[in-house]
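Asks: What follows is upload-v7.csv, CSV, C-alpha atoms and all ligand atoms.
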chain,number,residue,atom,x,y,z
A,74,MET,CA,4.3,-3.4,15.1
A,75,VAL,CA,7.8,-2.0,15.5
A,76,VAL,CA,8.2,1.7,16.4
A,77,GLY,CA,10.7,3.6,14.2
A,78,ILE,CA,13.4,1.4,12.7
A,79,GLU,CA,14.4,-1.9,14.2
A,80,LYS,CA,15.5,-5.2,12.9
A,81,ALA,CA,12.5,-7.5,12.7
A,82,VAL,CA,14.4,-10.1,14.6
A,83,SER,CA,15.8,-7.9,17.3
A,84,ALA,CA,12.4,-6.7,18.3
A,85,LYS,CA,12.1,-9.7,20.5
A,86,LYS,CA,15.3,-9.1,22.4
A,87,THR,CA,15.4,-7.5,25.8
A,88,PRO,CA,17.0,-4.1,25.8
A,89,THR,CA,20.7,-4.1,26.6
A,90,ALA,CA,21.4,-3.2,30.2
A,91,VAL,CA,23.1,0.2,30.9
A,92,SER,CA,26.7,0.1,32.1
A,93,PHE,CA,27.8,1.6,35.3
A,94,ASP,CA,29.6,4.6,33.8
A,95,CYS,CA,27.5,5.3,30.8
A,96,VAL,CA,25.9,8.8,30.2
A,97,ILE,CA,22.2,8.6,30.7
A,98,ASN,CA,20.4,10.9,28.3
A,99,LEU,CA,17.3,12.2,30.0
A,100,ALA,CA,17.1,15.3,27.8
A,101,ARG,CA,14.5,13.9,25.5
A,102,GLY,CA,11.0,13.1,26.6
A,103,ASP,CA,10.6,9.9,24.5
A,104,PRO,CA,8.6,7.5,26.7
A,105,THR,CA,10.8,4.5,26.1
A,106,MET,CA,9.6,2.8,29.3
A,107,TYR,CA,6.8,1.1,27.5
A,108,GLN,CA,9.0,-0.6,24.9
A,109,PRO,CA,9.1,-4.0,26.7
A,110,TYR,CA,5.4,-4.2,26.6
A,111,TRP,CA,5.2,-3.5,22.9
A,112,ARG,CA,8.1,-5.8,22.2
A,113,ARG,CA,6.1,-8.7,23.7
A,114,MET,CA,3.3,-7.7,21.3
A,115,GLY,CA,5.8,-8.2,18.5
A,116,ASP,CA,6.0,-11.9,19.3
A,117,LYS,CA,2.6,-12.4,17.7
A,118,ARG,CA,3.3,-10.4,14.7
A,119,LEU,CA,0.6,-10.8,12.0
A,120,HIS,CA,2.9,-11.7,9.1
A,121,ARG,CA,4.1,-14.8,10.9
A,122,VAL,CA,0.5,-15.9,11.5
A,123,VAL,CA,-0.7,-15.2,8.0
A,124,GLY,CA,2.5,-16.3,6.2
A,125,ASN,CA,2.4,-13.5,3.6
A,126,ALA,CA,5.8,-12.0,4.1
A,127,VAL,CA,9.3,-12.9,5.4
A,128,VAL,CA,9.9,-11.0,8.5
A,129,ASP,CA,12.3,-13.0,10.5
A,130,ASP,CA,15.3,-12.7,8.2
A,131,ASP,CA,17.3,-9.8,9.5
A,132,ARG,CA,14.9,-7.2,8.0
A,133,TYR,CA,14.0,-3.7,9.1
A,134,VAL,CA,10.5,-2.6,9.7
A,135,ILE,CA,9.7,1.1,9.2
A,136,VAL,CA,6.4,2.5,10.2
A,137,GLY,CA,4.9,5.4,8.2
A,138,THR,CA,1.8,7.6,8.2
A,139,GLY,CA,0.0,5.3,5.8
A,140,SER,CA,2.0,3.6,3.1
A,141,THR,CA,1.5,6.8,1.1
A,142,GLN,CA,4.2,8.4,3.2
A,143,LEU,CA,6.4,5.3,2.8
A,144,PHE,CA,6.2,5.6,-1.0
A,145,GLN,CA,7.8,9.0,-0.7
A,146,ALA,CA,10.3,7.8,1.9
A,147,VAL,CA,11.3,4.9,-0.3
A,148,LEU,CA,11.8,7.2,-3.3
A,149,TYR,CA,13.9,9.6,-1.2
A,150,ALA,CA,16.0,6.7,0.1
A,151,LEU,CA,16.6,5.2,-3.4
A,152,SER,CA,17.4,8.6,-5.1
A,153,SER,CA,19.7,10.2,-2.5
A,154,PRO,CA,22.4,11.4,-2.2
A,155,HIS,CA,21.8,13.4,-5.2
A,156,ASN,CA,24.3,13.4,-8.0
A,157,PRO,CA,23.9,16.7,-10.0
A,158,ASP,CA,25.3,15.1,-13.1
A,159,THR,CA,22.6,12.5,-13.4
A,160,GLU,CA,19.0,12.7,-14.5
A,161,PRO,CA,16.3,12.4,-11.8
A,162,LEU,CA,15.5,8.7,-11.0
A,163,SER,CA,12.7,7.4,-13.3
A,164,VAL,CA,9.8,5.9,-11.5
A,165,VAL,CA,7.5,3.5,-13.4
A,166,ALA,CA,4.6,1.1,-12.8
A,167,ALA,CA,2.8,-1.2,-15.3
A,168,ALA,CA,-0.6,0.2,-16.4
A,169,PRO,CA,-3.2,0.0,-15.1
A,170,PHE,CA,-1.4,1.4,-12.1
A,171,TYR,CA,-2.4,2.7,-8.7
A,172,SER,CA,-2.3,6.4,-9.4
A,173,ASN,CA,-2.5,8.4,-6.2
A,174,VAL,CA,1.1,8.1,-5.4
A,175,PHE,CA,2.3,9.1,-8.8
A,176,ALA,CA,0.0,12.0,-8.7
A,177,LEU,CA,1.6,13.0,-5.4
A,178,MET,CA,4.9,13.4,-7.2
A,179,GLU,CA,3.4,16.3,-9.1
A,180,LEU,CA,2.2,18.0,-5.9
A,181,VAL,CA,3.8,21.4,-5.9
A,182,PRO,CA,2.3,22.4,-2.5
A,183,PHE,CA,4.4,19.7,-0.8
A,184,PHE,CA,7.6,21.1,-2.2
A,185,ARG,CA,6.4,24.6,-1.2
A,186,ASP,CA,5.8,23.4,2.3
A,187,ILE,CA,9.3,22.0,2.6
A,188,ARG,CA,10.6,25.4,1.3
A,189,LYS,CA,8.5,27.2,4.0
A,190,ARG,CA,9.9,24.9,6.7
A,191,LEU,CA,13.3,25.6,5.4
A,192,HIS,CA,12.6,29.3,5.7
A,193,TYR,CA,11.5,29.0,9.3
A,194,GLY,CA,14.5,26.8,10.1
A,195,VAL,CA,12.6,23.6,10.6
A,196,VAL,CA,14.5,21.8,7.9
A,197,SER,CA,18.2,22.4,7.5
A,198,ASN,CA,19.7,23.7,4.3
A,199,GLU,CA,21.9,20.7,4.0
A,200,THR,CA,18.9,18.3,4.3
A,201,MET,CA,17.0,20.4,1.7
A,202,GLU,CA,19.8,20.2,-0.7
A,203,GLN,CA,20.1,16.5,-0.3
A,204,THR,CA,16.4,16.1,-0.9
A,205,PHE,CA,15.6,18.4,-3.8
A,206,VAL,CA,17.5,20.1,-6.5
A,207,SER,CA,17.1,23.8,-7.0
A,208,ARG,CA,17.0,24.7,-10.7
A,209,GLY,CA,18.0,28.1,-12.1
A,210,ASP,CA,14.4,29.1,-12.5
A,211,GLY,CA,13.7,28.7,-8.8
A,212,VAL,CA,11.5,25.6,-9.4
A,213,PHE,CA,12.3,22.7,-7.2
A,214,SER,CA,12.4,19.5,-9.0
A,215,GLY,CA,12.5,16.1,-7.4
A,216,LEU,CA,15.3,13.7,-7.3
A,217,TYR,CA,12.9,11.3,-9.0
A,218,LYS,CA,10.4,11.7,-11.8
A,219,TRP,CA,7.3,9.8,-12.8
A,220,ALA,CA,8.2,8.1,-16.1
A,221,GLY,CA,4.8,6.4,-16.8
A,222,ASP,CA,3.9,2.9,-17.9
A,223,ALA,CA,6.6,0.3,-17.3
A,224,TYR,CA,5.5,-1.5,-20.4
A,225,THR,CA,6.6,1.4,-22.6
A,226,PHE,CA,9.6,2.6,-20.5
A,227,ASP,CA,12.7,2.8,-22.7
A,228,ARG,CA,14.9,5.4,-21.1
A,229,ASP,CA,18.4,4.6,-20.0
A,230,GLY,CA,19.7,5.0,-16.5
A,231,ALA,CA,18.5,4.2,-13.0
A,232,TYR,CA,14.9,3.5,-12.4
A,233,VAL,CA,12.5,2.3,-9.7
A,234,GLU,CA,9.6,0.1,-10.6
A,235,PHE,CA,6.6,-0.2,-8.3
A,236,VAL,CA,5.0,-3.6,-8.4
A,237,THR,CA,1.6,-3.7,-6.9
A,238,SER,CA,0.4,-7.3,-6.3
A,239,PRO,CA,-2.5,-8.0,-6.2
A,240,ASN,CA,-2.8,-4.9,-8.3
A,241,ASN,CA,-4.9,-1.9,-7.7
A,242,PRO,CA,-7.1,-1.3,-9.8
A,243,ASP,CA,-7.4,-4.7,-11.6
A,244,GLY,CA,-6.7,-7.3,-8.9
A,245,THR,CA,-4.1,-9.2,-11.0
A,246,ILE,CA,-1.0,-10.8,-9.5
A,247,ARG,CA,2.0,-8.9,-10.8
A,248,GLU,CA,5.7,-9.3,-11.4
A,249,ALA,CA,8.3,-6.8,-12.5
A,250,VAL,CA,8.0,-5.7,-16.1
A,251,VAL,CA,11.2,-3.7,-17.0
A,252,ASN,CA,13.8,-6.2,-15.6
A,253,ARG,CA,16.9,-4.1,-16.5
A,254,GLU,CA,20.1,-3.6,-14.8
A,255,GLY,CA,20.2,-0.5,-12.5
A,256,GLY,CA,16.6,-1.0,-11.6
A,257,LYS,CA,15.2,-1.1,-8.1
A,258,LEU,CA,11.9,-2.8,-7.2
A,259,VAL,CA,9.4,-1.7,-4.6
A,260,HIS,CA,6.7,-4.2,-4.0
A,261,ASP,CA,3.4,-2.7,-2.8
A,262,LEU,CA,1.6,-5.6,-1.1
A,263,ALA,CA,-1.3,-3.7,0.3
A,264,TYR,CA,-3.7,-6.4,-0.9
A,265,TYR,CA,-1.7,-9.5,-0.2
A,266,TRP,CA,-4.0,-10.6,2.6
A,267,PRO,CA,-6.2,-13.7,2.7
A,268,GLN,CA,-9.5,-11.9,2.4
A,269,TYR,CA,-8.5,-10.7,-1.1
A,270,THR,CA,-6.3,-13.3,-2.6
A,271,PRO,CA,-4.8,-16.8,-2.0
A,272,ILE,CA,-1.6,-16.6,0.1
A,273,THR,CA,0.7,-18.7,-2.1
A,274,GLY,CA,4.0,-18.0,-0.2
A,275,LYS,CA,5.9,-15.6,2.0
A,276,ALA,CA,6.8,-12.5,-0.1
A,277,ASN,CA,10.6,-12.1,0.0
A,278,ASN,CA,11.3,-8.9,-1.8
A,279,ASP,CA,13.9,-6.3,-0.9
A,280,ILE,CA,11.4,-3.5,-0.2
A,281,MET,CA,7.8,-4.4,0.7
A,282,LEU,CA,5.1,-2.0,1.6
A,283,PHE,CA,2.0,-2.9,3.6
A,284,THR,CA,-0.9,-0.8,4.9
A,285,PHE,CA,-3.2,-1.1,7.9
A,286,SER,CA,-5.8,0.5,5.6
A,287,LYS,CA,-6.3,-2.6,3.5
A,288,ALA,CA,-5.3,-5.3,6.0
A,289,THR,CA,-7.9,-4.4,8.6
A,290,GLY,CA,-10.0,-1.5,7.1
A,291,HIS,CA,-8.6,1.1,9.6
A,292,ALA,CA,-7.6,3.5,6.9
A,293,GLY,CA,-8.2,6.5,9.2
A,294,SER,CA,-5.5,5.4,11.6
A,295,ARG,CA,-3.0,6.2,8.8
A,296,ILE,CA,-0.5,3.4,9.5
A,297,GLY,CA,1.6,1.6,7.0
A,298,TRP,CA,4.8,-0.3,7.3
A,299,ALA,CA,7.7,-1.2,5.1
A,300,ILE,CA,9.8,-4.3,5.4
A,301,VAL,CA,13.3,-3.6,4.1
A,302,LYS,CA,16.4,-5.7,3.6
A,303,ASP,CA,19.0,-3.0,3.3
A,304,LYS,CA,20.0,-1.1,6.4
A,305,GLU,CA,21.1,2.0,4.4
A,306,VAL,CA,17.7,2.2,2.6
A,307,ALA,CA,15.9,1.7,5.9
A,308,THR,CA,17.9,4.5,7.7
A,309,LYS,CA,17.2,6.9,4.9
A,310,MET,CA,13.5,6.1,5.0
A,311,VAL,CA,13.5,6.9,8.7
A,312,LYS,CA,15.3,10.2,8.0
A,313,TYR,CA,12.6,11.1,5.4
A,314,MET,CA,9.9,10.4,8.0
A,315,GLU,CA,11.6,12.8,10.5
A,316,LEU,CA,11.9,15.4,7.7
A,317,SER,CA,8.3,15.2,6.5
A,318,SER,CA,6.3,14.7,9.7
A,319,ILE,CA,8.7,14.4,12.6
A,320,GLY,CA,7.7,10.8,13.1
A,321,VAL,CA,4.4,8.9,13.1
A,322,SER,CA,1.6,9.4,15.6
A,323,LYS,CA,2.2,7.2,18.6
A,324,GLU,CA,-1.5,7.0,19.3
A,325,SER,CA,-2.1,5.5,15.9
A,326,GLN,CA,0.8,3.1,16.3
A,327,LEU,CA,-0.5,1.9,19.6
A,328,ARG,CA,-4.0,1.5,18.2
A,329,ALA,CA,-2.7,-0.4,15.2
A,330,ALA,CA,-0.5,-2.6,17.4
A,331,LYS,CA,-3.5,-3.5,19.6
A,332,ILE,CA,-5.8,-4.2,16.6
A,333,LEU,CA,-3.1,-6.3,14.8
A,334,ASP,CA,-2.6,-8.2,18.0
A,335,VAL,CA,-6.3,-8.9,18.4
A,336,ILE,CA,-6.4,-10.2,14.8
A,337,ALA,CA,-3.2,-12.3,15.2
A,338,GLU,CA,-4.6,-13.8,18.4
A,339,ASP,CA,-7.9,-14.5,16.8
A,340,CYS,CA,-6.1,-16.3,13.9
A,341,SER,CA,-3.8,-18.3,16.1
A,342,ILE,CA,-6.3,-19.6,18.7
A,343,SER,CA,-8.9,-20.5,16.2
A,344,SER,CA,-8.2,-22.7,13.2
A,345,PRO,CA,-8.1,-20.6,10.1
A,346,ASP,CA,-11.5,-22.1,9.2
A,347,LYS,CA,-13.5,-20.8,12.2
A,348,GLU,CA,-16.0,-18.1,11.6
A,349,GLU,CA,-14.4,-15.6,14.1
A,350,ASN,CA,-11.2,-15.5,12.1
A,351,PHE,CA,-11.0,-12.0,10.7
A,352,PHE,CA,-9.7,-13.0,7.3
A,353,LYS,CA,-12.2,-15.8,6.9
A,354,TYR,CA,-15.0,-13.3,7.8
A,355,GLY,CA,-13.6,-10.8,5.2
A,356,HIS,CA,-13.2,-13.6,2.6
A,357,HIS,CA,-16.8,-14.7,3.0
A,358,LEU,CA,-18.1,-11.2,2.7
A,359,MET,CA,-16.1,-10.4,-0.4
A,360,SER,CA,-16.9,-13.8,-2.0
A,361,GLU,CA,-20.6,-13.2,-1.6
A,362,ARG,CA,-20.3,-9.7,-3.1
A,363,TRP,CA,-18.3,-10.8,-6.1
A,364,GLU,CA,-20.8,-13.6,-6.7
A,365,LYS,CA,-23.6,-11.1,-6.7
A,366,LEU,CA,-21.7,-8.7,-8.9
A,367,ARG,CA,-20.8,-11.3,-11.5
A,368,GLU,CA,-24.4,-12.4,-11.6
A,369,VAL,CA,-25.6,-8.9,-12.4
A,370,VAL,CA,-22.9,-8.3,-14.9
A,371,LYS,CA,-23.7,-11.5,-16.7
A,372,ARG,CA,-27.4,-10.7,-16.8
A,373,ASN,CA,-27.2,-7.2,-18.1
A,374,GLY,CA,-24.6,-7.9,-20.8
A,375,VAL,CA,-23.3,-4.3,-20.8
A,376,PHE,CA,-20.1,-4.8,-18.9
A,377,SER,CA,-17.3,-7.4,-18.4
A,378,LEU,CA,-15.1,-8.3,-15.5
A,379,PRO,CA,-11.7,-9.9,-15.4
A,380,LYS,CA,-11.4,-13.6,-14.5
A,381,TYR,CA,-8.9,-14.7,-11.9
A,382,PRO,CA,-7.2,-18.0,-11.6
A,383,ARG,CA,-7.9,-20.1,-8.4
A,384,ASP,CA,-4.9,-20.9,-6.3
A,385,PHE,CA,-3.9,-22.8,-3.2
A,386,CYS,CA,-4.0,-20.5,-0.1
A,387,ASN,CA,-1.5,-21.6,2.5
A,388,PHE,CA,-3.3,-19.6,5.2
A,389,LYS,CA,-6.7,-21.3,4.5
A,390,GLY,CA,-5.2,-24.6,3.6
A,391,LYS,CA,-7.3,-25.0,0.5
A,392,GLU,CA,-7.8,-23.7,-3.0
A,393,THR,CA,-9.5,-20.3,-3.1
A,394,ASP,CA,-10.6,-17.6,-5.5
A,395,SER,CA,-9.1,-14.1,-5.9
A,396,ILE,CA,-11.7,-11.6,-4.7
A,397,PRO,CA,-10.1,-8.2,-5.2
A,398,ALA,CA,-11.0,-5.1,-3.2
A,399,PHE,CA,-11.9,-3.4,-6.5
A,400,ALA,CA,-14.0,-4.5,-9.5
A,401,TRP,CA,-12.3,-3.5,-12.7
A,402,LEU,CA,-15.4,-3.0,-14.8
A,403,LYS,CA,-15.3,-2.5,-18.6
A,404,THR,CA,-18.0,-1.5,-21.0
A,405,LYS,CA,-18.3,-4.1,-23.8
A,406,ASP,CA,-19.1,-1.5,-26.5
A,407,GLY,CA,-16.3,1.0,-25.7
A,408,LEU,CA,-18.5,3.6,-23.9
A,409,ASN,CA,-16.9,5.7,-21.2
A,410,CYS,CA,-17.6,3.4,-18.2
A,411,ASP,CA,-17.2,6.0,-15.5
A,412,ASN,CA,-19.6,8.4,-17.2
A,413,LEU,CA,-22.2,5.8,-17.9
A,414,LEU,CA,-22.2,4.8,-14.2
A,415,ARG,CA,-22.4,8.5,-13.1
A,416,GLU,CA,-25.5,8.9,-15.1
A,417,HIS,CA,-26.9,6.2,-12.8
A,418,LYS,CA,-25.7,7.9,-9.7
A,419,ILE,CA,-22.7,5.6,-9.2
A,420,VAL,CA,-19.4,7.4,-8.8
A,421,THR,CA,-16.3,5.4,-9.7
A,422,ARG,CA,-12.7,6.1,-10.8
A,423,GLY,CA,-12.3,6.0,-14.6
A,424,GLY,CA,-9.5,4.1,-16.4
A,425,THR,CA,-7.7,7.2,-17.5
A,426,ASN,CA,-6.7,7.8,-13.8
A,427,PHE,CA,-4.8,4.5,-14.0
A,428,GLY,CA,-3.1,5.0,-17.4
A,429,VAL,CA,-5.6,3.1,-19.5
A,430,ASP,CA,-8.7,3.8,-21.6
A,431,SER,CA,-12.0,5.2,-20.4
A,432,ASP,CA,-14.0,2.1,-21.2
A,433,TYR,CA,-12.5,0.8,-17.9
A,434,THR,CA,-13.5,2.0,-14.4
A,435,ARG,CA,-12.6,1.0,-10.9
A,436,VAL,CA,-15.4,0.2,-8.4
A,437,SER,CA,-14.8,-0.2,-4.7
A,438,MET,CA,-16.1,-3.6,-3.4
A,439,LEU,CA,-15.5,-2.4,0.2
A,440,SER,CA,-18.5,-0.2,0.9
A,441,LEU,CA,-21.2,-0.8,3.6
A,442,ASP,CA,-23.8,-3.5,2.8
A,443,ASP,CA,-26.6,-1.0,2.0
A,444,GLU,CA,-24.5,1.0,-0.4
A,445,PHE,CA,-23.2,-2.2,-2.1
A,446,ASN,CA,-26.8,-3.5,-2.6
A,447,LEU,CA,-27.9,-0.2,-4.0
A,448,PHE,CA,-25.0,-0.2,-6.4
A,449,LEU,CA,-26.0,-3.7,-7.7
A,450,GLU,CA,-29.6,-2.5,-8.1
A,451,ARG,CA,-28.5,0.5,-10.1
A,452,LEU,CA,-26.1,-1.5,-12.2
A,453,ALA,CA,-28.8,-4.1,-13.0
A,454,ALA,CA,-31.0,-1.2,-14.2
A,455,ILE,CA,-28.5,0.0,-16.7
A,456,LYS,CA,-29.4,-2.8,-19.1
A,457,GLY,CA,-33.0,-1.5,-19.1
A,458,THR,CA,-31.8,2.0,-20.0
A,459,ILE,CA,-29.6,0.9,-22.9
A,460,ASN,CA,-32.2,-1.5,-24.4
A,461,GLY,CA,-34.9,1.0,-23.8
A,462,ASN,CA,-37.0,-1.3,-21.6
A,501,LIG,N1,-1.0,1.1,-2.1
A,501,LIG,C1,-2.1,0.7,-2.7
A,501,LIG,C2,-2.0,-0.4,-3.8
A,501,LIG,C3,-3.4,1.2,-2.3
A,501,LIG,O1,-4.5,0.8,-2.9
A,501,LIG,C4,-3.4,2.1,-1.3
A,501,LIG,C5,-4.7,2.7,-0.8
A,501,LIG,N2,-5.6,3.0,-1.7
A,501,LIG,C6,-2.2,2.6,-0.7
A,501,LIG,C7,-1.0,2.0,-1.1
A,501,LIG,C8,-2.2,3.7,0.3
A,501,LIG,O2,-2.4,3.2,1.6
A,501,LIG,P1,-2.4,4.1,2.8
A,501,LIG,O3,-3.9,4.4,3.2
A,501,LIG,O4,-1.7,3.3,3.9
A,501,LIG,O5,-1.7,5.4,2.5
Let me see the file written as structure tokens.
Ligand code: PMP
Replies:
Amino acid sequence: MVVGIEKAVSAKKTPTAVSFDCVINLARGDPTMYQPYWRRMGDKRLHRVVGNAVVDDDRYVIVGTGSTQLFQAVLYALSSPHNPDTEPLSVVAAAPFYSNVFALMELVPFFRDIRKRLHYGVVSNETMEQTFVSRGDGVFSGLYKWAGDAYTFDRDGAYVEFVTSPNNPDGTIREAVVNREGGKLVHDLAYYWPQYTPITGKANNDIMLFTFSKATGHAGSRIGWAIVKDKEVATKMVKYMELSSIGVSKESQLRAAKILDVIAEDCSISSPDKEENFFKYGHHLMSERWEKLREVVKRNGVFSLPKYPRDFCNFKGKETDSIPAFAWLKTKDGLNCDNLLREHKIVTRGGTNFGVDSDYTRVSMLSLDDEFNLFLERLAAIKGTINGN
């Protein structure tokens, strides 16, 4: 884990020695004395062990308060400085898309908070103006605007497409859809880990987002990281981080660094096939759950589930199945899937939240064993209700 912005490669270097006549800035209380220790940790970085992303190729790693904050940081970086003559940057994703982040764009309180901080002098006027455009009616509108489903996007001008692969909610492997000049891509690779999908190669995109939440399950630590090729984009992202939360909790970063190190160690000392390997453990658990779920779905005949192609996983050294973190359940007869499950005391997130019809719903596969087993029991019972037996 690299703190702040640093080239992925330079993280290994020893800090440059101070020269005899240089000014020593001791005005700030930043505890930099621990850096060498955490740099050594960097040697075992998880991406290198898992082989799911290029990290050693002159890239920048930016840590955020969850990848949710990095989404915002990336949009700020790609849309600033603002040109008042141009329309806000269009932001698209192919449906079904992960909705939280796009809902966030509509969050008025966030803009209000920035205004409040401006009022109290926390954010400078200049920064404010660079970030948001004040319209005549006093409403602050973003530099970027959610423009919906990438499949139907037909506006001219600059755009950003979010490519989530494997996708949340439906677990499919995704590629860019719009493919037009002037477009920028942001790859959200939250689920590109061996417990969810075969690792078919090192992702090598310009802007890649990862989150501790999905890699290890420590969502509460609120740590995400971006791997970015372009220095200017990376610098602006760090600026956004300072603006929105004055940095990322150091305790969370240290905790994440420790946990990632334990997992990386675990993967490198054991062969990827040994039981204690975290990803193998996760893959086993998920495979068993998916097998049970498919069995129930097949038996009750009310729902359907997507099928995923098998692929060779470089990490595991063999062909494996995709076993997504969410089940993308569909009612065969077009009933509202979320409502139907709610009637059976199962709360899910309906398709309309992801830009598609209500006959789809997203079910988390990551709950505790007892909850998951109860879910299967209730799901199996739905057949009885519908058939009246
Ligand atoms: N991207 C995707 C695809 C996700 O599913 C999630 C979490 N649901 C996030 C990003 C956000 O992750 P974080 O907890 O790091 O904010």
Asks: Residues within 9 Å of ligand LIG 501 (chain A) should be enumerated using all atoms listed in the file and returned as an mmCIF file with C-alpha atoms, in the frame of the given file.
Replies:
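Result went into selection-v3.cif, see below:
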data_model
loop_
_atom_site.group_PDB
_atom_site.id
_atom_site.type_symbol
_atom_site.label_atom_id
_atom_site.label_comp_id
_atom_site.auth_asym_id
_atom_site.auth_seq_id
_atom_site.Cartn_x
_atom_site.Cartn_y
_atom_site.Cartn_z
ATOM 1 C CA GLY A 137 4.900 5.400 8.200
ATOM 2 C CA THR A 138 1.800 7.600 8.200
ATOM 3 C CA GLY A 139 0.000 5.300 5.800
ATOM 4 C CA SER A 140 2.000 3.600 3.100
ATOM 5 C CA THR A 141 1.500 6.800 1.100
ATOM 6 C CA GLN A 142 4.200 8.400 3.200
ATOM 7 C CA LEU A 143 6.400 5.300 2.800
ATOM 8 C CA PHE A 144 6.200 5.600 -1.000
ATOM 9 C CA PHE A 170 -1.400 1.400 -12.100
ATOM 10 C CA TYR A 171 -2.400 2.700 -8.700
ATOM 11 C CA SER A 172 -2.300 6.400 -9.400
ATOM 12 C CA ASN A 173 -2.500 8.400 -6.200
ATOM 13 C CA VAL A 174 1.100 8.100 -5.400
ATOM 14 C CA VAL A 236 5.000 -3.600 -8.400
ATOM 15 C CA THR A 237 1.600 -3.700 -6.900
ATOM 16 C CA SER A 238 0.400 -7.300 -6.300
ATOM 17 C CA PRO A 239 -2.500 -8.000 -6.200
ATOM 18 C CA ASN A 240 -2.800 -4.900 -8.300
ATOM 19 C CA ASN A 241 -4.900 -1.900 -7.700
ATOM 20 C CA PRO A 242 -7.100 -1.300 -9.800
ATOM 21 C CA ASP A 261 3.400 -2.700 -2.800
ATOM 22 C CA LEU A 262 1.600 -5.600 -1.100
ATOM 23 C CA ALA A 263 -1.300 -3.700 0.300
ATOM 24 C CA TYR A 264 -3.700 -6.400 -0.900
ATOM 25 C CA LEU A 282 5.100 -2.000 1.600
ATOM 26 C CA PHE A 283 2.000 -2.900 3.600
ATOM 27 C CA THR A 284 -0.900 -0.800 4.900
ATOM 28 C CA PHE A 285 -3.200 -1.100 7.900
ATOM 29 C CA SER A 286 -5.800 0.500 5.600
ATOM 30 C CA LYS A 287 -6.300 -2.600 3.500
ATOM 31 C CA HIS A 291 -8.600 1.100 9.600
ATOM 32 C CA ALA A 292 -7.600 3.500 6.900
ATOM 33 C CA GLY A 293 -8.200 6.500 9.200
ATOM 34 C CA SER A 294 -5.500 5.400 11.600
ATOM 35 C CA ARG A 295 -3.000 6.200 8.800
ATOM 36 C CA ILE A 296 -0.500 3.400 9.500
ATOM 37 C CA GLY A 297 1.600 1.600 7.000
ATOM 38 C CA TRP A 298 4.800 -0.300 7.300
ATOM 39 C CA ALA A 398 -11.000 -5.100 -3.200
#
Asks: Quick one, how far is CA of Asp222 in chain A from CA of Ile396 in chain A?
Replies: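 Spanning CA of Asp222 in chain A to CA of Ile396 in chain A is a straight-line distance of 25.1 Å.
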Asks: So what do you get for CA of Val165 in chain A versus CA of Ala223 in chain A, distance-wise?
Replies: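 These atoms are spaced 5.1 Å apart.
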Asks: Identify, on the basis of only C-alpha atoms, every residue whose closest approach to Gln268 in chain A does not exceed 8 Å; exclude the query and any residue fewer than 2 positions from it along the same chain; express the result as a PyMOL selection string.
Replies: chain A and resi 266+270+352-357+359+396
Asks: Kindly give the distance, in Å, that separates CA of Arg362 in chain A and CA of Asn446 in chain A, rounded to a single decimal.
Replies: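 Distance between the two atoms: 9.0 Å.
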Asks: Using all atoms listed in the file, which residue out of A:Val250, A:Ala453, A:Ala146, A:Val233 lies closest to Val369 in chain A?
Replies: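 Among A:Val250, A:Ala453, A:Ala146, A:Val233, it is A:Ala453 that comes nearest to Val369 in chain A.
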Asks: Nearest to Ser437 in chain A among A:Asp243, A:Glu324, A:Glu392, A:Asp279, with distances taken over all atoms listed in the file: which residue is it?
Replies: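 Ranked by minimum distance to Ser437 in chain A, first place goes to A:Asp243.
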Asks: Hey, which of A:Lys371, A:Arg228, A:Lys275, A:Lys418 ends up closest to Val122 in chain A? Count all atoms listed in the file.
Replies: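 Going through A:Lys371, A:Arg228, A:Lys275, A:Lys418 one by one, the smallest distance to Val122 in chain A is for A:Lys275.
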Asks: Taking only C-alpha atoms into account, name the residue in A:Lys403, A:Lys391, A:Lys312, A:Lys302 that is nearest to Tyr433 in chain A.
Replies: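 Residue with the minimum atom-to-atom distance to Tyr433 in chain A: A:Lys403.
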